[in-house]
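*Asks:* Enclosed is the structure file start_10.pdb (PDB, C-alpha atoms).
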ATOM      1  CA  MET A   1       0.000   0.000   0.000
ATOM      2  CA  THR A   2       1.252   3.435  -0.909
ATOM      3  CA  ASP A   3       1.578   5.806   2.007
ATOM      4  CA  VAL A   4      -0.922   8.640   1.917
ATOM      5  CA  VAL A   5       0.227  12.200   2.570
ATOM      6  CA  LEU A   6      -2.309  14.974   3.116
ATOM      7  CA  VAL A   7      -0.791  18.313   2.098
ATOM      8  CA  VAL A   8      -2.519  21.282   3.757
ATOM      9  CA  GLU A   9      -1.499  24.625   2.270
ATOM     10  CA  ASP A  10      -3.551  27.692   1.419
ATOM     11  CA  GLU A  11      -1.056  29.077  -1.118
ATOM     12  CA  ILE A  12      -1.703  27.216  -4.360
ATOM     13  CA  LEU A  13       1.716  27.901  -5.887
ATOM     14  CA  ILE A  14       3.361  26.171  -2.906
ATOM     15  CA  ARG A  15       0.764  23.405  -2.645
ATOM     16  CA  VAL A  16       1.101  22.356  -6.295
ATOM     17  CA  VAL A  17       4.900  22.143  -6.235
ATOM     18  CA  ILE A  18       5.120  20.288  -2.904
ATOM     19  CA  ALA A  19       2.319  17.885  -3.866
ATOM     20  CA  ASP A  20       4.021  17.196  -7.235
ATOM     21  CA  TYR A  21       7.340  16.596  -5.486
ATOM     22  CA  LEU A  22       5.845  14.110  -3.030
ATOM     23  CA  ARG A  23       3.973  12.311  -5.834
ATOM     24  CA  SER A  24       7.272  11.953  -7.695
ATOM     25  CA  CYS A  25       8.591  10.203  -4.563
ATOM     26  CA  GLY A  26       5.825   7.641  -4.898
ATOM     27  CA  TYR A  27       3.362   8.896  -2.309
ATOM     28  CA  ARG A  28      -0.355   9.130  -2.857
ATOM     29  CA  VAL A  29      -0.954  12.829  -2.159
ATOM     30  CA  ILE A  30      -4.261  14.389  -1.181
ATOM     31  CA  GLU A  31      -4.541  18.186  -1.204
ATOM     32  CA  ALA A  32      -6.409  20.510   1.134
ATOM     33  CA  ALA A  33      -6.463  24.303   0.789
ATOM     34  CA  SER A  34      -7.148  24.857   4.503
ATOM     35  CA  ALA A  35      -7.201  23.077   7.855
ATOM     36  CA  ASP A  36     -10.990  23.017   7.618
ATOM     37  CA  GLU A  37     -10.784  21.136   4.311
ATOM     38  CA  ALA A  38      -8.248  18.737   5.835
ATOM     39  CA  ILE A  39     -10.649  17.895   8.655
ATOM     40  CA  VAL A  40     -13.514  17.350   6.194
ATOM     41  CA  ILE A  41     -11.300  14.849   4.338
ATOM     42  CA  LEU A  42     -10.271  13.081   7.546
ATOM     43  CA  GLN A  43     -13.808  12.888   8.891
ATOM     44  CA  HIS A  44     -15.773  12.097   5.747
ATOM     45  CA  THR A  45     -13.648   9.638   3.812
ATOM     46  CA  GLU A  46     -12.389   6.130   4.457
ATOM     47  CA  LEU A  47      -8.941   7.290   3.475
ATOM     48  CA  GLU A  48      -6.175   6.197   5.849
ATOM     49  CA  VAL A  49      -3.858   9.173   5.977
ATOM     50  CA  ASP A  50      -0.339   8.364   7.194
ATOM     51  CA  VAL A  51       1.171  11.842   7.249
ATOM     52  CA  VAL A  52      -0.334  15.332   7.418
ATOM     53  CA  PHE A  53       2.082  17.849   5.911
ATOM     54  CA  SER A  54       0.807  21.299   6.830
ATOM     55  CA  ASP A  55       1.591  24.959   6.574
ATOM     56  CA  ILE A  56       1.430  26.851   9.878
ATOM     57  CA  GLU A  57      -0.223  30.180   9.080
ATOM     58  CA  MET A  58      -3.503  29.673   7.246
ATOM     59  CA  PRO A  59      -6.793  31.514   7.029
ATOM     60  CA  GLY A  60      -9.954  29.798   8.247
ATOM     61  CA  SER A  61     -11.027  28.583  11.654
ATOM     62  CA  MET A  62      -7.714  26.788  12.359
ATOM     63  CA  ASP A  63      -4.033  27.321  11.691
ATOM     64  CA  GLY A  64      -1.432  24.544  11.443
ATOM     65  CA  PHE A  65      -0.839  24.386  15.220
ATOM     66  CA  GLU A  66      -4.538  24.007  15.898
ATOM     67  CA  LEU A  67      -4.845  21.369  13.192
ATOM     68  CA  SER A  68      -1.948  19.587  14.825
ATOM     69  CA  LYS A  69      -3.708  19.634  18.222
ATOM     70  CA  TRP A  70      -6.893  18.335  16.605
ATOM     71  CA  LEU A  71      -4.931  15.478  15.020
ATOM     72  CA  ARG A  72      -3.256  14.575  18.326
ATOM     73  CA  ALA A  73      -6.682  14.351  19.957
ATOM     74  CA  ASN A  74      -8.629  12.720  17.117
ATOM     75  CA  ARG A  75      -6.103  10.891  14.912
ATOM     76  CA  PRO A  76      -3.197  10.035  17.220
ATOM     77  CA  GLY A  77      -1.719   7.556  14.730
ATOM     78  CA  VAL A  78      -1.144  10.189  12.047
ATOM     79  CA  ASP A  79       2.299  11.768  11.775
ATOM     80  CA  VAL A  80       2.293  15.557  11.540
ATOM     81  CA  ILE A  81       4.873  17.683   9.765
ATOM     82  CA  LEU A  82       4.531  21.443  10.137
ATOM     83  CA  ALA A  83       6.483  23.641   7.726
ATOM     84  CA  GLY A  84       6.109  27.387   8.035
ATOM     85  CA  SER A  85       8.251  28.603   5.146
ATOM     86  CA  VAL A  86       9.060  27.621   1.582
ATOM     87  CA  ALA A  87      12.572  26.498   2.566
ATOM     88  CA  ARG A  88      11.261  24.429   5.470
ATOM     89  CA  ALA A  89       8.519  22.916   3.311
ATOM     90  CA  ALA A  90      11.016  21.858   0.622
ATOM     91  CA  ALA A  91      13.429  20.436   3.214
ATOM     92  CA  ALA A  92      10.649  18.579   5.028
ATOM     93  CA  ALA A  93       9.351  17.175   1.728
ATOM     94  CA  ALA A  94      12.857  15.926   0.924
ATOM     95  CA  GLU A  95      13.126  14.227   4.337
ATOM     96  CA  LEU A  96       9.789  12.542   3.711
ATOM     97  CA  CYS A  97      11.035  11.424   0.281
ATOM     98  CA  ASP A  98      14.041   9.767   1.904
ATOM     99  CA  SER A  99      11.689   7.334   3.611
ATOM    100  CA  GLY A 100       9.361   7.096   0.598
ATOM    101  CA  PRO A 101       8.968   4.290  -1.931
ATOM    102  CA  VAL A 102      10.853   6.048  -4.755
ATOM    103  CA  PRO A 103      14.195   7.865  -4.466
ATOM    104  CA  LYS A 104      14.166  11.661  -4.471
ATOM    105  CA  PRO A 105      13.436  12.804  -8.041
ATOM    106  CA  TYR A 106      15.450  16.011  -7.702
ATOM    107  CA  GLU A 107      16.984  18.178  -5.029
ATOM    108  CA  PRO A 108      14.508  19.954  -2.749
ATOM    109  CA  GLN A 109      16.253  23.220  -3.564
ATOM    110  CA  MET A 110      14.767  22.926  -7.047
ATOM    111  CA  ALA A 111      11.260  22.707  -5.584
ATOM    112  CA  ALA A 112      11.936  25.747  -3.382
ATOM    113  CA  ASP A 113      13.388  27.655  -6.363
ATOM    114  CA  ARG A 114      10.359  26.727  -8.482
ATOM    115  CA  ILE A 115       7.974  28.064  -5.822
ATOM    116  CA  ARG A 116       9.932  31.310  -5.474
ATOM    117  CA  GLN A 117      10.045  31.744  -9.246
ATOM    118  CA  LEU A 118       6.268  31.252  -9.562
ATOM    119  CA  MET A 119       5.582  33.660  -6.710
ATOM    120  CA  ALA A 120       7.954  36.275  -8.132
ATOM    121  CA  LEU A 121       6.196  36.052 -11.504
ATOM    122  CA  ARG A 122       2.871  36.597  -9.793
ATOM    123  CA  SER A 123       4.153  39.640  -7.860
ATOM    124  CA  ALA A 124       5.608  41.122 -11.035
ATOM    125  CA  ARG A 125       2.290  40.691 -12.787
ATOM    126  CA  LYS A 126       0.380  42.274  -9.921
ATOM    127  CA  LYS A 127       2.677  45.301  -9.975
ATOM    128  CA  LYS A 128       2.049  45.751 -13.687
ATOM    129  CA  THR A 129      -1.734  45.847 -13.286
TER     130      THR A 129
ATOM    131  CA  MET B   1      -2.514  37.276 -19.606
ATOM    132  CA  ALA B   2       1.061  36.214 -20.196
ATOM    133  CA  GLY B   3       2.697  32.815 -20.181
ATOM    134  CA  ASN B   4      -0.094  30.375 -20.583
ATOM    135  CA  ALA B   5      -1.490  32.157 -23.636
ATOM    136  CA  LEU B   6       1.539  30.759 -25.448
ATOM    137  CA  ILE B   7       0.533  27.255 -24.473
ATOM    138  CA  GLU B   8       1.638  25.744 -27.772
ATOM    139  CA  GLY B   9       5.214  26.519 -26.863
ATOM    140  CA  VAL B  10       4.990  25.423 -23.238
ATOM    141  CA  PRO B  11       6.124  21.870 -22.499
ATOM    142  CA  ALA B  12       3.591  19.504 -20.952
ATOM    143  CA  ARG B  13       3.949  18.664 -17.271
ATOM    144  CA  HIS B  14       5.525  15.190 -17.006
ATOM    145  CA  GLY B  15       4.560  14.511 -20.661
ATOM    146  CA  LYS B  16       0.902  14.368 -19.698
ATOM    147  CA  SER B  17      -2.147  16.459 -20.496
ATOM    148  CA  THR B  18      -2.828  18.776 -17.581
ATOM    149  CA  ILE B  19      -6.299  19.355 -16.200
ATOM    150  CA  LEU B  20      -7.016  22.221 -13.843
ATOM    151  CA  VAL B  21      -9.874  21.118 -11.579
ATOM    152  CA  VAL B  22     -11.702  24.023  -9.930
ATOM    153  CA  GLU B  23     -14.160  23.012  -7.230
ATOM    154  CA  ASP B  24     -14.821  24.478  -3.793
ATOM    155  CA  ASP B  25     -16.188  21.217  -2.378
ATOM    156  CA  VAL B  26     -13.053  19.424  -1.243
ATOM    157  CA  LEU B  27     -14.524  15.910  -1.351
ATOM    158  CA  SER B  28     -15.746  16.300  -4.947
ATOM    159  CA  ARG B  29     -12.457  17.902  -5.952
ATOM    160  CA  MET B  30     -10.483  15.075  -4.385
ATOM    161  CA  ALA B  31     -12.606  12.313  -5.963
ATOM    162  CA  VAL B  32     -12.445  13.834  -9.450
ATOM    163  CA  SER B  33      -8.717  14.632  -9.235
ATOM    164  CA  GLU B  34      -7.753  11.172  -7.986
ATOM    165  CA  GLU B  35      -9.782   9.514 -10.730
ATOM    166  CA  LEU B  36      -8.160  11.636 -13.435
ATOM    167  CA  ARG B  37      -4.673  10.967 -12.024
ATOM    168  CA  GLU B  38      -5.399   7.244 -12.088
ATOM    169  CA  HIS B  39      -6.176   7.621 -15.788
ATOM    170  CA  GLY B  40      -2.783   9.182 -16.372
ATOM    171  CA  TYR B  41      -3.605  12.882 -16.411
ATOM    172  CA  SER B  42      -1.597  15.502 -14.582
ATOM    173  CA  VAL B  43      -4.039  17.341 -12.335
ATOM    174  CA  ILE B  44      -3.796  20.709 -10.626
ATOM    175  CA  GLU B  45      -6.388  21.314  -7.925
ATOM    176  CA  ALA B  46      -7.813  24.770  -7.268
ATOM    177  CA  ALA B  47     -10.270  25.421  -4.443
ATOM    178  CA  THR B  48     -11.448  28.752  -5.875
ATOM    179  CA  ALA B  49     -11.552  30.596  -9.197
ATOM    180  CA  ASP B  50      -8.917  32.958  -7.804
ATOM    181  CA  GLU B  51      -6.549  30.044  -7.258
ATOM    182  CA  ALA B  52      -7.290  28.860 -10.796
ATOM    183  CA  LEU B  53      -6.465  32.294 -12.233
ATOM    184  CA  CYS B  54      -3.231  32.291 -10.292
ATOM    185  CA  VAL B  55      -2.200  29.049 -12.014
ATOM    186  CA  LEU B  56      -3.466  30.111 -15.447
ATOM    187  CA  GLN B  57      -1.579  33.381 -15.332
ATOM    188  CA  GLY B  58       1.683  31.593 -14.557
ATOM    189  CA  PRO B  59       4.008  29.603 -16.814
ATOM    190  CA  THR B  60       2.380  26.217 -16.225
ATOM    191  CA  ARG B  61       0.724  24.639 -19.231
ATOM    192  CA  VAL B  62      -2.944  23.775 -18.748
ATOM    193  CA  ASP B  63      -4.772  21.813 -21.443
ATOM    194  CA  LEU B  64      -8.236  21.689 -19.933
ATOM    195  CA  LEU B  65     -10.171  23.658 -17.339
ATOM    196  CA  LEU B  66     -12.751  21.550 -15.511
ATOM    197  CA  THR B  67     -14.705  23.986 -13.407
ATOM    198  CA  ASP B  68     -17.730  24.036 -11.189
ATOM    199  CA  MET B  69     -20.191  26.770 -12.183
ATOM    200  CA  ARG B  70     -21.257  28.012  -8.760
ATOM    201  CA  MET B  71     -18.485  28.922  -6.380
ATOM    202  CA  PRO B  72     -18.159  31.387  -3.543
ATOM    203  CA  GLY B  73     -15.956  34.442  -4.029
ATOM    204  CA  ALA B  74     -15.809  37.287  -6.490
ATOM    205  CA  VAL B  75     -15.357  35.055  -9.567
ATOM    206  CA  ASP B  76     -17.690  32.144 -10.316
ATOM    207  CA  GLY B  77     -17.222  29.394 -12.886
ATOM    208  CA  CYS B  78     -18.900  31.341 -15.701
ATOM    209  CA  ALA B  79     -16.740  34.419 -15.200
ATOM    210  CA  LEU B  80     -13.661  32.199 -15.017
ATOM    211  CA  ALA B  81     -14.635  30.422 -18.242
ATOM    212  CA  ARG B  82     -15.271  33.747 -19.998
ATOM    213  CA  HIS B  83     -11.871  35.031 -18.919
ATOM    214  CA  VAL B  84     -10.088  31.879 -20.066
ATOM    215  CA  ARG B  85     -11.917  31.755 -23.395
ATOM    216  CA  ALA B  86     -10.851  35.328 -24.160
ATOM    217  CA  ALA B  87      -7.259  35.112 -22.958
ATOM    218  CA  LEU B  88      -6.327  31.456 -23.478
ATOM    219  CA  PRO B  89      -8.084  30.151 -26.585
ATOM    220  CA  PHE B  90      -6.088  26.894 -26.587
ATOM    221  CA  VAL B  91      -7.451  25.767 -23.225
ATOM    222  CA  LYS B  92     -10.482  23.482 -23.452
ATOM    223  CA  ILE B  93     -13.248  24.292 -20.974
ATOM    224  CA  VAL B  94     -15.680  21.823 -19.436
ATOM    225  CA  MET B  95     -18.212  23.094 -16.921
ATOM    226  CA  VAL B  96     -19.852  21.077 -14.188
ATOM    227  CA  SER B  97     -23.138  22.328 -12.832
ATOM    228  CA  GLY B  98     -26.437  21.439 -11.270
ATOM    229  CA  GLN B  99     -28.214  23.501 -13.904
ATOM    230  CA  VAL B 100     -27.609  24.029 -17.609
ATOM    231  CA  PRO B 101     -25.565  27.209 -18.157
ATOM    232  CA  GLU B 102     -27.276  30.081 -19.951
ATOM    233  CA  ALA B 103     -26.889  30.184 -23.730
ATOM    234  CA  ASP B 104     -24.080  32.774 -23.800
ATOM    235  CA  ALA B 105     -22.042  30.775 -21.288
ATOM    236  CA  TYR B 106     -22.849  27.458 -22.953
ATOM    237  CA  GLY B 107     -21.547  28.709 -26.283
ATOM    238  CA  MET B 108     -18.010  29.170 -25.018
ATOM    239  CA  LEU B 109     -17.698  25.699 -23.505
ATOM    240  CA  ASP B 110     -16.148  22.590 -25.033
ATOM    241  CA  GLY B 111     -18.314  20.461 -22.793
ATOM    242  CA  TYR B 112     -20.847  20.480 -20.016
ATOM    243  CA  LEU B 113     -21.474  17.863 -17.340
ATOM    244  CA  ALA B 114     -24.550  17.771 -15.131
ATOM    245  CA  LYS B 115     -24.044  17.276 -11.410
ATOM    246  CA  PRO B 116     -23.583  14.896  -9.749
ATOM    247  CA  VAL B 117     -20.693  13.761 -11.923
ATOM    248  CA  ALA B 118     -19.617  10.154 -11.549
ATOM    249  CA  PRO B 119     -15.807  10.425 -11.410
ATOM    250  CA  SER B 120     -15.514   7.054 -13.132
ATOM    251  CA  HIS B 121     -17.158   8.481 -16.287
ATOM    252  CA  LEU B 122     -14.935  11.508 -16.519
ATOM    253  CA  ALA B 123     -11.899  10.049 -18.261
ATOM    254  CA  SER B 124     -13.973   8.430 -21.024
ATOM    255  CA  TYR B 125     -15.945  11.661 -21.384
ATOM    256  CA  LEU B 126     -12.757  13.676 -21.943
ATOM    257  CA  LEU B 127     -11.876  11.470 -24.902
ATOM    258  CA  THR B 128     -15.140  12.452 -26.590
ATOM    259  CA  LEU B 129     -14.297  16.170 -26.619
ATOM    260  CA  THR B 130     -13.928  17.527 -30.110
ATOM    261  CA  PRO B 131     -11.952  17.695 -32.263
ATOM    262  CA  THR B 132      -9.347  15.322 -30.841
ATOM    263  CA  GLY B 133     -10.466  14.503 -27.330
ATOM    264  CA  LEU B 134      -8.012  14.925 -24.473
ATOM    265  CA  PRO B 135      -5.817  11.847 -24.195
ATOM    266  CA  ALA B 136      -3.737  11.526 -21.026
ATOM    267  CA  GLU B 137      -0.484  11.570 -23.008
ATOM    268  CA  ALA B 138       0.232  15.131 -24.055
ATOM    269  CA  SER B 139       0.585  15.776 -27.758
TER     270      SER B 139
END
Take the structure from the file and write it as structure tokens.
*Replies:*
Amino acid sequence: MTDVVLVVEDEILIRVVIADYLRSCGYRVIEAASADEAIVILQHTELEVDVVFSDIEMPGSMDGFELSKWLRANRPGVDVILAGSVARAAAAAAELCDSGPVPKPYEPQMAADRIRQLMALRSARKKKT
Amino acid sequence: MAGNALIEGVPARHGKSTILVVEDDVLSRMAVSEELREHGYSVIEAATADEALCVLQGPTRVDLLLTDMRMPGAVDGCALARHVRAALPFVKIVMVSGQVPEADAYGMLDGYLAKPVAPSHLASYLLTLTPTGLPAEAS
């Protein structure tokens, strides 16, 4: 059985790159755009999530710390990884890949660089308009 | 819109056709996305039209937009589809809705699916899109 990782991240440009990276390492990756969405997934599906990989600061009724507390109380068997910055998220994803079914597809720095590049492009576009 | 408008020159993600799934209901989004991935598509998940625009305005190639019609926020599925049709003519658009879109919206779509959509029918449906369907392997 492939391990299931639930990625919880409100910033789509980060979520897409991290989820892609973890899929390349052989994980089955489920995506949630908020802690509230993550809890809906955990409560309303039969899915057995092995790892919750979450951002810390997120809009909605819960941030990453609160999600983490909820998981400790309600899903004690699930591992929780909290990553509060792009660099931390890329490094944590790489660590997870090391114990994954497929070797790391590329260096985590490339994932971090990709996220920064996408976010810089978006900022540049916003400034133009 | 820059970047994606030049989709013909943008390489496919992982050699696969990329579908941008836009749906605010996380369970529907997850079911549809997982099904499409199992059929070999590369899927990007957006929880809102704003998130979808953020992806579409970037350098990532998107071959098909699969969007819900009714969504919370400033931009709904129809407005998103209108925007994409004007700025990104190469992107196919399929709308999912509980009610048939109005004629002006319907005219800009490549396909329309009535809710509830059975995820298992989606992949075969995508192959029926004209003129060439959307095979999982990118052309």
*Asks:* What are the residues of chain A lining chain B at 8 Å or less? Count only C-alpha atoms, and put the answer as a list in words.
*Replies:*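 Every residue meeting the condition is included here: Ile12, Leu13, Val16, Ile30, Glu31, Ala32, Ala33, Glu37, Val40, Ile41, Leu118, Leu121 and Arg122 of chain A.
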*Asks:* Evaluate the PyMOL selection byres ((chain A and resi 77) around 12) here and jot the selected residues down as a ChimeraX atom specification.
*Replies:* /A:48-52,71-76,78-80
*Asks:* Kindly give the distance, in Å, that separates atom CA of A:Ser68 and atom CA of A:Leu82, rounded to a single decimal.
*Replies:*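 One can read the atom CA of A:Ser68 to atom CA of A:Leu82 distance as 8.2 Å.
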*Asks:* Report the distance between atom CA of B:Pro101 and atom CA of B:Ala86 in Å, rounded to one decimal place.
*Replies:*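 Separating atom CA of B:Pro101 from atom CA of B:Ala86 is a distance of 17.8 Å.
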*Asks:* If you count all atoms listed in the file, which residues fall within 9 Å of A:Ile18, apart from same-chain ones fewer than 5 positions away, as a PyMOL selection string?
*Replies:* chain A and resi 7+13+23+89-90+93+111-112+115
*Asks:* Measure the distance from atom CA of A:Cys25 to atom CA of A:Cys97 in Å and round it to one decimal.
*Replies:*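 So the answer is 5.6 Å.
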*Asks:* Skip B:Ala114 itself and residues of its chain fewer than 6 positions away, then list as a PDB file with C-alpha atoms, in the coordinates of the input all residues within 10 Å of it, counting all atoms listed in the file.
*Replies:*
ATOM      1  CA  MET B  95     -18.212  23.094 -16.921  1.00  0.00           C
ATOM      2  CA  VAL B  96     -19.852  21.077 -14.188  1.00  0.00           C
ATOM      3  CA  SER B  97     -23.138  22.328 -12.832  1.00  0.00           C
ATOM      4  CA  GLY B  98     -26.437  21.439 -11.270  1.00  0.00           C
ATOM      5  CA  GLN B  99     -28.214  23.501 -13.904  1.00  0.00           C
ATOM      6  CA  VAL B 100     -27.609  24.029 -17.609  1.00  0.00           C
ATOM      7  CA  PRO B 101     -25.565  27.209 -18.157  1.00  0.00           C
TER       8      PRO B 101
END
*Asks:* At a cut-off of 9 Å, using only C-alpha atoms, what residues contact B:Ala123? Leave out same-chain residues fewer than 5 positions from it and give the result as a JSON list (two decimals) with C-alpha atoms, in the coordinates of the input.
*Replies:*
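Saved as selection.json:
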[["chain", "number", "residue", "atom", "x", "y", "z"],
["B", 35, "GLU", "CA", -9.78, 9.51, -10.73],
["B", 36, "LEU", "CA", -8.16, 11.64, -13.44],
["B", 39, "HIS", "CA", -6.18, 7.62, -15.79],
["B", 41, "TYR", "CA", -3.60, 12.88, -16.41],
["B", 134, "LEU", "CA", -8.01, 14.92, -24.47],
["B", 135, "PRO", "CA", -5.82, 11.85, -24.20],
["B", 136, "ALA", "CA", -3.74, 11.53, -21.03]]
*Asks:* Considering only C-alpha atoms, can you say which of A:Leu22, A:Val86, A:Ala38, A:Val5 comes closest to A:Pro105?
*Replies:*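 So, comparing all the options, the nearest one is A:Leu22.
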*Asks:* Can you give me N, CA and C atoms for stretch 94-107 of chain B, written as a short mmCIF file (atom, residue, chain, number, x, y, z; two decimals), keeping the file's coordinate frame?
*Replies:*
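What ended up in part-v5.cif:
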data_model
loop_
_atom_site.label_atom_id
_atom_site.label_comp_id
_atom_site.auth_asym_id
_atom_site.auth_seq_id
_atom_site.Cartn_x
_atom_site.Cartn_y
_atom_site.Cartn_z
N VAL B 94 -14.51 22.65 -19.74
CA VAL B 94 -15.68 21.82 -19.44
C VAL B 94 -16.27 22.32 -18.12
N MET B 95 -17.57 22.59 -18.14
CA MET B 95 -18.21 23.09 -16.92
C MET B 95 -19.07 22.00 -16.28
N VAL B 96 -19.06 22.03 -14.96
CA VAL B 96 -19.85 21.08 -14.19
C VAL B 96 -20.86 21.89 -13.41
N SER B 97 -22.15 21.50 -13.50
CA SER B 97 -23.14 22.33 -12.83
C SER B 97 -24.42 21.55 -12.57
N GLY B 98 -25.14 22.04 -11.58
CA GLY B 98 -26.44 21.44 -11.27
C GLY B 98 -27.50 21.91 -12.25
N GLN B 99 -27.25 23.01 -12.93
CA GLN B 99 -28.21 23.50 -13.90
C GLN B 99 -27.51 23.87 -15.21
N VAL B 100 -28.22 23.75 -16.30
CA VAL B 100 -27.61 24.03 -17.61
C VAL B 100 -27.21 25.51 -17.66
N PRO B 101 -25.98 25.80 -18.08
CA PRO B 101 -25.56 27.21 -18.16
C PRO B 101 -26.41 27.97 -19.18
N GLU B 102 -26.51 29.27 -19.00
CA GLU B 102 -27.28 30.08 -19.95
C GLU B 102 -26.59 30.04 -21.32
N ALA B 103 -27.38 30.37 -22.35
CA ALA B 103 -26.89 30.18 -23.73
C ALA B 103 -25.54 30.85 -23.98
N ASP B 104 -25.34 32.08 -23.49
CA ASP B 104 -24.08 32.77 -23.80
C ASP B 104 -22.90 32.08 -23.15
N ALA B 105 -23.12 31.51 -21.96
CA ALA B 105 -22.04 30.78 -21.29
C ALA B 105 -21.83 29.43 -21.98
N TYR B 106 -22.92 28.78 -22.34
CA TYR B 106 -22.85 27.46 -22.95
C TYR B 106 -22.03 27.50 -24.24
N GLY B 107 -22.21 28.58 -24.99
CA GLY B 107 -21.55 28.71 -26.28
C GLY B 107 -20.04 28.72 -26.22
#
